[in-house]
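The structure appears right after this line, and notes come after that.
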Amino acid sequence: MDLFSIATIFLVLLSYYAFSYLSPKSRSRNRRPPEAGGAWPIIGHTHIMRNQSPDKLAHLTFAAMAETYGPIFSLRFGSRPGLVVSSRELAKEIFTTCDMVVSSRPFLKSAEIISYESAMIGFIKYGQYWRDVRKLIRVELLSMRRMHMQRHVLAAETAQSVRELYGLWGERKNASGSAPVEMIEWFGNLNLNTVLRLVVGKRYAISGDEVAEARHCRRVMKAFFELIGLPTIGDVVPFLRWLDIGGFEKKMKDTFHEMDALISKWLSEHRAAAADGKQDDFMDIMIGVLKNAKFGNEYDEDTVIKATCSNLISGSDTNAVMLVWLLTHLLNNPKVLTKVQQELDEKVGRERRLESSDIDNLVYLEAVVKECLRLFPAGPLGGIREFSEDCNVGGYEIEKGTILYVNVWQLQRDPEVWPEPTKFLPERFLGADNHNDFQWVPFGGGRRICPGANLALEMMKVVMAILLHAFDVSTPDDEPVDMTAALGVTLTKITPLNVMVSPRLPASLY
Ligand code: HEM
């Protein structure tokens with residue numbers, strides 16, 4: 001590139017920046033919340049979203065900013081305004097008074113590549129198509145009634161995985177009777193198999209020919225979830241899109257093709273089976289429903305089915321992420337772990353297998369799950385939202401098009417609401433109605449709240465109960481587990497979770 005071209009690009013960038021900064025809307029800044037410092041020329045605060053230094057992850061940086069600017073402050077992503085809120089009161093206002101106005105997701109050009117042109121429920125704007133798909137998911141897959149019917153799938157999958165773990169223990173056990181296992185993959189496979197069974201009626205064996213296929217499927221779904229939802233440079237400064245800095249758009253296209261190949265194969269298999277009248281998983285139900293109803297005018301039938309099923313499968317990886325953090329917290333808090341196992345011994349005993357009907361009696365375990373979701377929510381910034389109209393929040397005028405983040409991480413550590421907020425104290429949830437007034441929002445809030453919340457809570461309890469009933473767990477040298485995390489769409493543990501397991505039930509119960 002010659003000097004003239006460089007100078008031209010520089011001038012264009014400068015005028016674009018000056019124009020967006022001095023536009024009439026930005027001149028009315030005095031009615032807007034305090035504007036956070038630290039913006040870079042052109043891209044504004046976008047760099048914060050991509051920072052992966054453990055102490056500079058976006059939710060931590062926003063929490064530090066809130067110390068200076070208060071619980072509501074504004075940012076800039078390129079020329080687009082952004083807003084961060086981090087108090088219970090403001091979350092309540094957002095998810096009640098402003099709910100309708102903040103129920104859209106921003107249109108990200110990059111996400112369009114990977115989300116079947118935004119046909120995925122998690123990425124579409126609020127409207128009739130979103131309502132139709134959401135209702136179908138709510139009624140046919142994730143309602144409480146369905147959940148009770150599906151409890152047996154969950155318990156059967158977990159029992160199968162525990163049997164396989166027992167087999168691994170037999171192969172690897174040392175002189176003191178315990179064996180090393182890496183649990184991130186174990187949780188990942190268990191979660192994938194459970195959700196695949198519910199959505200497309202499929203499971204992968206964890207040994208033999210299917211191991212490679214299962215790993216491929218998990219890698220694709222995980223890569224998809226890591227790439228999606230975070231703005232790329234092309235989203236915030238559209239005329240720089242062609243540069244594809246970091247190669248994110250290329251990775252998105254490649255990942256999308258891999259994911260579409262998997263889901264298209266399953267859809268063809270289902271269509272063939274549907275011709276014989278078989279109908280027992282969610283994809284079958286969708287095929288049946290879409291034969292008689294049209295969801296929106298923009299997408300064809302196959303696109304709606306593939307987009308919805310792949311969104312549910314990949315979105316459920318958040319479960320696996322949370323299970324990893326749950327076991328990490330238990331290993332780092334041995335007294336809590338002991339109490340969980342005492343409760344299992346009292347309520348279930350060691351002479352029989354745990355039944356799914358035992359789960360409702362495990363009140364301490366339920367408190368442990370809630371405390372983990374409080375202290376380490378997998379989505380520390382909730383789901384990205386966009387104001388579809390001008391709106392007043394906390395006495396400030398927020399303009400249409402503003403991108404919204406609710407800092408769930410900080411809100412759930414508010415010392416006014418949660419005494420000793422950084423401590424892992426499940427007792428705070430025992431018999432207390434302290435999480436229903438927007439001080440505990442790990443699944444978001446309002447009409448766009450996570451539809452998988454019931455399944456997720458159920459799954460965390462069932463998996464942890466069956467695992468800890470069947471095995472004692474400890475760290476290899478009784479060292480604390482490393483908590484280093486990376487933030488994509490979810491907050492993921494980046495180092496392995498190596499655990500020593502030893503059986504605690506008679507051999508006949510595995
Ligand atoms: C512990 C596990 C989970 C956590 C912490 C979690 C958290 C979240 C959060 C914070 C959101 C954004 C909500 C908002 O914008 O206010 C969300 C959305 C969503 N979640 Fe989950 N989730 C979990 C498990 C699941 C599961 C198991 C499924 C499906 C089987 C699922 C499916 C979805 C979908 C489809 C959306 C998009 C909803 C929409 O835009 O209307 N999630 N989740």
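Naming scheme: A, B, ... for chains in displayed order of the structure tokens; residues 1 onward per chain; ligands 1 onward as shown.
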
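Using only C-alpha atoms, the residues found no farther than 9 Å from stretch 216-221 of chain A, other than those of its own chain fewer than 5 positions away, are Gly188, Asn189, Leu192, Val211, Glu226, Thr255, Phe256, Glu258, Met259, Leu262, Ser310, Ile313, Ser314, Gly315 and Asp317 of chain A.
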
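Taking only C-alpha atoms and all ligand atoms into account, the residues that come within 6 Å of ligand 1 are Ile121, Gly122, Leu312, Gly315, Ser316, Thr318, Asn319, Met322, Pro377, Ala378, Gly379, Gly382, Gly383, Pro442, Phe443, Gly444, Gly445, Arg448, Ile449, Cys450, Pro451, Gly452, Ala453, Leu455 and Ala456 of chain A.
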
Could those selected residues go to a file with C-alpha atoms, as a JSON list (two decimals), in the first residue's frame?
```
[["chain", "number", "residue", "atom", "x", "y", "z"],
["A", 121, "ILE", "CA", -34.07, -17.94, 18.12],
["A", 122, "GLY", "CA", -31.24, -16.56, 20.23],
["A", 312, "LEU", "CA", -30.73, -25.57, 21.20],
["A", 315, "GLY", "CA", -26.82, -23.26, 23.50],
["A", 316, "SER", "CA", -27.10, -26.13, 25.94],
["A", 318, "THR", "CA", -23.75, -23.65, 28.85],
["A", 319, "ASN", "CA", -24.92, -26.57, 31.03],
["A", 322, "MET", "CA", -21.79, -24.69, 34.63],
["A", 377, "PRO", "CA", -22.76, -17.31, 36.24],
["A", 378, "ALA", "CA", -21.82, -18.85, 32.88],
["A", 379, "GLY", "CA", -23.16, -15.73, 31.14],
["A", 382, "GLY", "CA", -26.38, -11.97, 30.32],
["A", 383, "GLY", "CA", -27.64, -11.96, 26.74],
["A", 442, "PRO", "CA", -28.15, -16.06, 35.89],
["A", 443, "PHE", "CA", -30.70, -16.87, 33.17],
["A", 444, "GLY", "CA", -31.43, -13.23, 32.27],
["A", 445, "GLY", "CA", -34.91, -11.79, 32.68],
["A", 448, "ARG", "CA", -36.18, -13.04, 26.52],
["A", 449, "ILE", "CA", -35.12, -15.01, 29.62],
["A", 450, "CYS", "CA", -33.32, -18.32, 28.93],
["A", 451, "PRO", "CA", -35.99, -20.86, 27.94],
["A", 452, "GLY", "CA", -33.65, -23.68, 29.06],
["A", 453, "ALA", "CA", -33.54, -22.55, 32.72],
["A", 455, "LEU", "CA", -33.73, -28.03, 32.09],
["A", 456, "ALA", "CA", -30.44, -26.48, 33.22]]
```

Picked from stretch 358-413 of chain A by DSSP as strand (DSSP E or B), as a ChimeraX atom specification: /A:385-386,391-393,396-398,403-406

Closest of A:Asn292, A:Asn297, A:Thr338, A:Gln439 to A:Leu411 - atom-to-atom distances counting only C-alpha atoms: A:Gln439

How many Å lie between atom CA of A:Arg131 and atom CA of A:Thr402, rounded to one decimal? 22.5 Å

Env of A:Val153: 10 Å cut, atoms = only C-alpha atoms, seq-sep filter 2 positions within chain, self excluded. Answer as a list in words. Met147, His148, Met149, Gln150, Arg151, Ala155, Ala156, Glu157, Thr158, Ala159, Asn193, Thr194, Val195, Arg197, Leu198 and Ser356 of chain A

I need the residues in stretch 164-243 of chain A that are helix (DSSP H, G or I) according to DSSP; give them as an MDAnalysis selection string. chainID A and resid 164:172 183:200 210:227 233:236 238:243
